[in-house]
>>> print(open('structure-v2.txt').read())   # compact mmCIF, C-alpha atoms
# COMPACT_ATOMS: atom_id res chain seq x y z
CA MET A 186 -57.93 -110.03 -9.45
CA ASP A 187 -59.68 -106.73 -10.23
CA ALA A 188 -60.28 -105.74 -13.85
CA PRO A 189 -58.00 -102.94 -15.19
CA VAL A 190 -59.34 -99.41 -14.68
CA ASP A 191 -59.78 -98.89 -18.45
CA SER A 192 -62.16 -101.81 -18.66
CA GLN A 193 -64.25 -100.36 -15.81
CA LEU A 194 -64.78 -97.06 -17.64
CA PRO A 195 -67.85 -96.32 -19.74
CA LYS A 196 -67.18 -96.72 -23.45
CA ARG A 197 -67.15 -93.74 -25.84
CA ALA A 198 -70.42 -93.78 -27.77
CA LYS A 199 -69.10 -92.81 -31.22
CA ALA A 200 -65.85 -91.50 -32.79
CA PRO A 201 -65.99 -87.66 -33.04
CA PRO A 202 -65.09 -85.67 -36.22
CA SER A 203 -61.34 -84.93 -36.65
CA ASN A 204 -61.84 -81.11 -36.84
CA TRP A 205 -60.38 -79.67 -33.58
CA PHE A 206 -63.32 -77.31 -33.05
CA LEU A 207 -65.71 -80.25 -33.23
CA ASN A 208 -63.71 -82.21 -30.66
CA PRO A 209 -66.22 -82.92 -27.86
CA TYR A 210 -63.71 -81.91 -25.16
CA VAL A 211 -63.18 -78.51 -26.85
CA GLN A 212 -66.96 -78.19 -26.90
CA ILE A 213 -67.06 -79.02 -23.16
CA ALA A 214 -64.60 -76.14 -22.52
CA ILE A 215 -66.62 -73.72 -24.67
CA GLY A 216 -69.81 -74.88 -22.95
CA ALA A 217 -68.27 -74.31 -19.49
CA LEU A 218 -67.30 -70.73 -20.40
CA LEU A 219 -70.80 -70.09 -21.77
CA VAL A 220 -72.45 -71.53 -18.62
CA THR A 221 -70.24 -69.30 -16.44
CA ALA A 222 -71.22 -66.22 -18.43
CA SER A 223 -74.85 -67.31 -18.27
CA GLU A 224 -74.84 -67.78 -14.46
CA LEU A 225 -73.32 -64.33 -13.92
CA LEU A 226 -75.79 -62.68 -16.33
CA LEU A 227 -78.79 -64.48 -14.79
CA TRP A 228 -77.72 -63.39 -11.30
CA ARG A 229 -77.47 -59.78 -12.50
CA GLY A 230 -80.92 -60.10 -14.12
CA ALA A 231 -82.41 -61.60 -10.94
CA GLN A 232 -81.05 -58.71 -8.90
CA ALA A 233 -82.24 -56.06 -11.37
CA VAL A 234 -86.00 -56.65 -10.82
CA VAL A 235 -88.35 -56.12 -7.84
CA HIS A 236 -88.30 -59.14 -5.54
CA PRO A 237 -91.68 -60.86 -4.91
CA THR A 238 -92.72 -62.23 -1.51
CA GLY A 239 -94.10 -65.61 -0.31
CA ILE A 240 -93.68 -68.84 -2.27
CA ALA A 241 -93.46 -66.83 -5.53
CA LYS A 242 -90.04 -65.62 -4.48
CA PHE A 243 -88.67 -69.09 -5.29
CA LEU A 244 -89.85 -68.87 -8.90
CA GLY A 245 -87.75 -66.50 -10.93
CA ILE A 246 -90.34 -65.66 -13.63
CA ASN A 247 -90.32 -61.93 -12.80
CA ALA A 248 -86.59 -61.88 -13.66
CA LEU A 249 -87.65 -62.14 -17.33
CA ALA A 250 -88.33 -58.37 -17.15
CA SER A 251 -84.56 -57.76 -17.20
CA GLY A 252 -82.46 -57.69 -20.38
CA TRP A 253 -79.60 -59.30 -18.43
CA THR A 254 -81.81 -62.37 -17.92
CA TRP A 255 -82.46 -62.66 -21.67
CA LEU A 256 -78.75 -62.35 -22.39
CA GLY A 257 -78.18 -65.09 -19.80
CA ILE A 258 -80.82 -67.25 -21.50
CA LEU A 259 -79.12 -66.71 -24.90
CA THR A 260 -75.72 -67.83 -23.60
CA TYR A 261 -77.42 -70.76 -21.86
CA VAL A 262 -79.07 -71.87 -25.11
CA LEU A 263 -75.67 -71.71 -26.87
CA SER A 264 -74.11 -73.83 -24.09
CA PHE A 265 -77.03 -76.27 -24.43
CA ILE A 266 -76.28 -76.72 -28.15
CA CYS A 267 -72.62 -77.49 -27.25
CA TRP A 268 -73.85 -79.92 -24.59
CA ILE A 269 -76.20 -81.85 -26.88
CA TYR A 270 -73.30 -82.26 -29.31
CA VAL A 271 -71.03 -83.53 -26.48
CA LEU A 272 -73.65 -86.05 -25.31
CA ARG A 273 -73.64 -87.70 -28.72
CA TYR A 274 -69.95 -88.62 -28.40
CA VAL A 275 -69.05 -88.81 -24.69
CA PRO A 276 -70.61 -91.00 -21.93
CA LEU A 277 -72.65 -88.92 -19.47
CA SER A 278 -70.65 -90.11 -16.44
CA ILE A 279 -67.51 -88.62 -18.06
CA ALA A 280 -68.94 -85.49 -19.68
CA PHE A 281 -70.94 -84.29 -16.69
CA PRO A 282 -68.13 -84.32 -14.11
CA ALA A 283 -65.90 -82.62 -16.74
CA ILE A 284 -68.32 -79.75 -17.30
CA ASN A 285 -68.28 -79.19 -13.53
CA ILE A 286 -65.17 -77.06 -14.07
CA VAL A 287 -67.79 -74.30 -13.80
CA HIS A 288 -67.51 -74.84 -10.02
CA VAL A 289 -64.15 -73.11 -10.27
CA LEU A 290 -65.15 -70.55 -12.89
CA VAL A 291 -68.42 -69.31 -11.37
CA PRO A 292 -67.23 -68.55 -7.78
CA PHE A 293 -64.11 -66.95 -9.25
CA GLY A 294 -66.25 -64.93 -11.66
CA SER A 295 -68.69 -63.88 -8.93
CA TRP A 296 -65.76 -62.76 -6.76
CA LEU A 297 -64.10 -60.92 -9.67
CA PHE A 298 -67.12 -59.31 -11.37
CA LEU A 299 -69.92 -59.29 -8.77
CA HIS A 300 -67.67 -58.65 -5.73
CA ASP A 301 -69.19 -61.53 -3.72
CA GLN A 302 -67.44 -62.13 -0.41
CA ILE A 303 -66.23 -65.72 -0.06
CA SER A 304 -64.96 -66.85 3.36
CA PRO A 305 -61.84 -69.06 3.64
CA MET A 306 -64.05 -71.95 4.84
CA ARG A 307 -66.26 -71.62 1.78
CA TRP A 308 -63.19 -71.50 -0.47
CA GLY A 309 -62.09 -74.71 1.28
CA GLY A 310 -65.46 -76.34 0.58
CA ILE A 311 -65.34 -75.27 -3.06
CA ALA A 312 -61.76 -76.63 -3.35
CA LEU A 313 -62.85 -79.96 -1.87
CA VAL A 314 -65.71 -80.17 -4.36
CA ILE A 315 -63.25 -79.52 -7.19
CA LEU A 316 -60.79 -82.15 -5.90
CA GLY A 317 -63.61 -84.67 -5.78
CA ILE A 318 -64.56 -83.86 -9.36
CA LEU A 319 -60.91 -84.32 -10.42
CA LEU A 320 -60.83 -87.73 -8.75
CA ILE A 321 -63.85 -88.75 -10.82
CA VAL A 322 -62.60 -87.30 -14.11
CA GLY A 323 -58.84 -88.02 -13.73
CA PRO A 324 -58.72 -91.76 -14.45
CA VAL A 325 -61.27 -91.34 -17.21
CA ALA A 326 -59.22 -88.61 -18.92
CA GLN A 327 -56.06 -90.77 -18.75
CA ALA A 328 -57.89 -93.70 -20.30
CA GLU A 329 -59.36 -91.43 -23.02
CA GLU A 330 -55.84 -90.24 -23.93
CA ARG A 331 -54.80 -93.84 -24.53
CA LEU A 332 -57.70 -94.49 -26.90
CA MET B 103 -79.99 -70.18 4.38
CA SER B 104 -83.51 -71.31 5.38
CA ALA B 105 -84.54 -75.00 5.38
CA LEU B 106 -86.98 -74.24 2.52
CA ALA B 107 -84.24 -72.66 0.40
CA ILE B 108 -81.93 -75.65 1.02
CA THR B 109 -84.80 -78.02 0.06
CA PHE B 110 -85.37 -76.08 -3.18
CA CYS B 111 -81.61 -76.25 -3.91
CA ILE B 112 -81.67 -80.05 -3.57
CA VAL B 113 -84.87 -80.41 -5.66
CA CYS B 114 -83.12 -78.28 -8.31
CA GLN B 115 -80.24 -80.74 -8.48
CA PHE B 116 -82.57 -83.74 -8.85
CA LEU B 117 -84.38 -82.00 -11.73
CA LEU B 118 -81.08 -81.20 -13.43
CA VAL B 119 -79.83 -84.79 -13.15
CA MET B 120 -83.15 -86.21 -14.41
CA GLY B 121 -83.01 -83.83 -17.36
CA GLN B 122 -79.47 -84.90 -18.22
CA LEU B 123 -80.35 -88.61 -18.03
CA PHE B 124 -83.30 -88.10 -20.41
CA LEU B 125 -81.16 -86.07 -22.84
CA LYS B 126 -78.36 -88.65 -22.86
CA HIS B 127 -80.88 -91.42 -23.46
CA ALA B 128 -82.29 -89.42 -26.39
CA MET B 129 -78.81 -88.89 -27.88
CA ASN B 130 -77.99 -92.60 -27.42
CA CYS B 131 -81.09 -93.40 -29.48
CA VAL B 132 -79.96 -91.05 -32.30
CA ASP B 133 -77.25 -93.52 -33.36
CA VAL B 134 -79.59 -96.53 -33.42
CA THR B 135 -80.60 -97.83 -36.87
CA PRO B 136 -83.45 -97.56 -37.77
CA ARG B 137 -83.68 -94.35 -35.70
CA PRO B 138 -86.52 -94.64 -33.10
CA TRP B 139 -87.82 -91.10 -33.59
CA ARG B 140 -90.68 -91.38 -31.09
CA ARG B 141 -88.29 -92.47 -28.31
CA VAL B 142 -85.81 -89.74 -29.24
CA ILE B 143 -88.48 -87.02 -29.19
CA TRP B 144 -90.11 -88.17 -25.92
CA ASN B 145 -86.80 -88.42 -24.07
CA PHE B 146 -85.61 -85.09 -25.47
CA ALA B 147 -88.90 -83.41 -24.47
CA ALA B 148 -88.74 -84.93 -20.96
CA GLY B 149 -85.15 -83.71 -20.62
CA VAL B 150 -85.97 -80.19 -21.76
CA GLY B 151 -89.05 -80.15 -19.47
CA ALA B 152 -87.04 -81.14 -16.38
CA LEU B 153 -84.34 -78.59 -17.26
CA THR B 154 -86.96 -75.85 -17.74
CA LEU B 155 -88.36 -76.50 -14.23
CA TRP B 156 -84.81 -76.50 -12.91
CA PHE B 157 -84.07 -73.19 -14.66
CA PHE B 158 -86.94 -71.23 -13.07
CA LEU B 159 -86.29 -72.66 -9.59
CA TRP B 160 -82.61 -71.81 -10.00
CA VAL B 161 -83.26 -68.19 -11.06
CA GLY B 162 -85.65 -67.85 -8.09
CA LEU B 163 -82.95 -69.08 -5.72
CA MET B 164 -80.50 -66.61 -7.23
CA GLN B 165 -82.81 -63.79 -6.12
CA GLN B 166 -82.50 -64.97 -2.51
CA SER B 167 -78.80 -65.71 -2.05
CA ALA B 168 -75.28 -64.83 -3.17
CA LEU B 169 -74.30 -66.84 -6.24
CA SER B 170 -71.16 -68.17 -4.54
CA ARG B 171 -73.36 -69.56 -1.72
CA ILE B 172 -75.97 -71.44 -3.77
CA PHE B 173 -73.79 -72.51 -6.68
CA PRO B 174 -71.74 -75.10 -4.73
CA PHE B 175 -75.01 -77.04 -4.22
CA GLU B 176 -74.50 -78.07 -7.80
CA GLY B 177 -71.58 -80.10 -6.46
CA LEU B 178 -74.25 -82.68 -5.60
CA ASN B 179 -74.79 -83.23 -9.31
CA PRO B 180 -71.78 -85.45 -10.04
CA ALA B 181 -72.75 -87.73 -7.13
CA LEU B 182 -76.37 -87.95 -8.21
CA LEU B 183 -75.43 -88.29 -11.85
CA VAL B 184 -72.89 -91.08 -11.34
CA LEU B 185 -75.62 -92.93 -9.43
CA GLY B 186 -78.22 -92.16 -12.11
CA ALA B 187 -75.93 -93.18 -14.98
CA TRP B 188 -75.04 -96.37 -13.10
CA ILE B 189 -78.67 -97.31 -12.50
CA PHE B 190 -80.37 -96.10 -15.69
CA LEU B 191 -77.65 -96.00 -18.36
CA LYS B 192 -75.53 -98.92 -17.07
CA GLU B 193 -72.39 -96.73 -17.13
CA ARG B 194 -69.67 -97.71 -14.66
CA LEU B 195 -66.84 -95.71 -13.04
CA PRO B 196 -63.77 -97.05 -11.15
CA PRO B 197 -63.91 -97.25 -7.31
CA VAL B 198 -61.65 -94.17 -6.95
CA ALA B 199 -64.48 -92.11 -8.41
CA TRP B 200 -66.60 -92.91 -5.35
CA VAL B 201 -63.90 -91.32 -3.15
CA GLY B 202 -64.37 -88.26 -5.33
CA VAL B 203 -68.11 -88.41 -4.70
CA LEU B 204 -67.50 -88.46 -0.92
CA MET B 205 -65.14 -85.45 -1.18
CA ILE B 206 -67.78 -83.54 -3.10
CA CYS B 207 -70.39 -84.23 -0.39
CA VAL B 208 -68.00 -83.08 2.39
CA GLY B 209 -67.16 -79.98 0.36
CA ILE B 210 -70.84 -79.14 0.03
CA GLY B 211 -71.26 -79.59 3.79
CA LEU B 212 -68.44 -77.11 4.43
CA VAL B 213 -69.95 -74.58 2.05
CA THR B 214 -73.43 -74.76 3.58
CA VAL B 215 -72.24 -74.30 7.19
CA SER B 216 -69.80 -71.47 6.39
>>> encode(input="structure-v2.txt", output="structure tokens")
Amino acid sequence: MDAPVDSQLPKRAKAPPSNWFLNPYVQIAIGALLVTASELLLWRGAQAVVHPTGIAKFLGINALASGWTWLGILTYVLSFICWIYVLRYVPLSIAFPAINIVHVLVPFGSWLFLHDQISPMRWGGIALVILGILLIVGPVAQAEERL
Amino acid sequence: MSALAITFCIVCQFLLVMGQLFLKHAMNCVDVTPRPWRRVIWNFAAGVGALTLWFFLWVGLMQQSALSRIFPFEGLNPALLVLGAWIFLKERLPPVAWVGVLMICVGIGLVTVS
């Protein structure tokens, strides 16, 4: 007979503080919002500078000339601080799929703020990616609630 | 998207996963007594290094494509990370999670051909 699902899940590394703001799952949500803001700002920064040619075009160093890029870096650093905190308390194979909620937030944000065109097929692909992430995170979240 | 751009997208995801594995290993060491500072610092530095490489490649890719087109490549990350955490951190997920991994891969395929 197979072991129960709970026993197959990675164990929480350490009990988090009781303060709601310091709850690692609240920090995952804050981190996801910060990453979304960062991705949109970095894209704007990348578009705001002259594009190089050749192999250099795959290295985004010239994007540092834009203030949008620096704002994107700042929000990314803030999300990184949230993330380091989360890693102390939550197993990586739980935390990482959970933070992938940005796969919903970023395409939605790029459609809303950057006016990107997204075809129905691409929306379908994005939805499938999200469903897959939910399948990974779902049983883990249920088990976490019981802890 | 060109073959080179797709290759860079995939390399990006490997760098990101490697960085996360190093960071998690560093944070796991933080709660060990006595704290192995050298191991914490080396793993943290390796994680930040991999993530820095990932960052510049990622910004470069953003200059070439619409964000909504390249961003779903990051859907590879959960698959790579579950594998990485299984191999290197000995973390286990239930079998249903592997169905999720397959759905993510199919989703990425749909995004790249659309």
>>> interface_residues(input="structure-v2.txt", of="chain B", to="chain A", cutoff="6 Å", atoms="only C-alpha atoms", output="PDB file with C-alpha atoms, in the frame of the given file")
ATOM      1  CA  LYS B 126     -78.360 -88.650 -22.860  1.00  0.00           C
ATOM      2  CA  MET B 129     -78.810 -88.890 -27.880  1.00  0.00           C
ATOM      3  CA  PHE B 158     -86.940 -71.230 -13.070  1.00  0.00           C
ATOM      4  CA  LEU B 159     -86.290 -72.660  -9.590  1.00  0.00           C
ATOM      5  CA  VAL B 161     -83.260 -68.190 -11.060  1.00  0.00           C
ATOM      6  CA  GLY B 162     -85.650 -67.850  -8.090  1.00  0.00           C
ATOM      7  CA  LEU B 163     -82.950 -69.080  -5.720  1.00  0.00           C
ATOM      8  CA  MET B 164     -80.500 -66.610  -7.230  1.00  0.00           C
ATOM      9  CA  GLN B 165     -82.810 -63.790  -6.120  1.00  0.00           C
ATOM     10  CA  SER B 170     -71.160 -68.170  -4.540  1.00  0.00           C
ATOM     11  CA  PRO B 180     -71.780 -85.450 -10.040  1.00  0.00           C
ATOM     12  CA  VAL B 184     -72.890 -91.080 -11.340  1.00  0.00           C
ATOM     13  CA  GLU B 193     -72.390 -96.730 -17.130  1.00  0.00           C
ATOM     14  CA  ARG B 194     -69.670 -97.710 -14.660  1.00  0.00           C
ATOM     15  CA  LEU B 195     -66.840 -95.710 -13.040  1.00  0.00           C
ATOM     16  CA  PRO B 196     -63.770 -97.050 -11.150  1.00  0.00           C
ATOM     17  CA  ALA B 199     -64.480 -92.110  -8.410  1.00  0.00           C
ATOM     18  CA  GLY B 202     -64.370 -88.260  -5.330  1.00  0.00           C
ATOM     19  CA  VAL B 203     -68.110 -88.410  -4.700  1.00  0.00           C
ATOM     20  CA  MET B 205     -65.140 -85.450  -1.180  1.00  0.00           C
ATOM     21  CA  ILE B 206     -67.780 -83.540  -3.100  1.00  0.00           C
ATOM     22  CA  GLY B 209     -67.160 -79.980   0.360  1.00  0.00           C
ATOM     23  CA  LEU B 212     -68.440 -77.110   4.430  1.00  0.00           C
ATOM     24  CA  VAL B 213     -69.950 -74.580   2.050  1.00  0.00           C
ATOM     25  CA  SER B 216     -69.800 -71.470   6.390  1.00  0.00           C
TER      26      SER B 216
END
>>> residues_around(input="structure-v2.txt", residues="Val211 (chain A)", least_positions_apart="4", cutoff="12 Å", atoms="only C-alpha atoms", output="ChimeraX atom specification")
/A:201-207,215-218,267-268,270-271,280,283-284
>>> atom_distance(input="structure-v2.txt", atom1="CA of Met120 (chain B)", atom2="CA of Trp160 (chain B)")
15.1 Å
>>> closest_residue(input="structure-v2.txt", among="B:Cys114, B:Gly149, B:Ala105, B:Gln122", to="Gly186 (chain B)", atoms="only C-alpha atoms")
B:Gln122
>>> atom_distance(input="structure-v2.txt", atom1="CA of Gly252 (chain A)", atom2="CA of Ser223 (chain A)")
12.4 Å
>>> atom_distance(input="structure-v2.txt", atom1="CA of Leu178 (chain B)", atom2="CA of Phe157 (chain B)")
16.4 Å
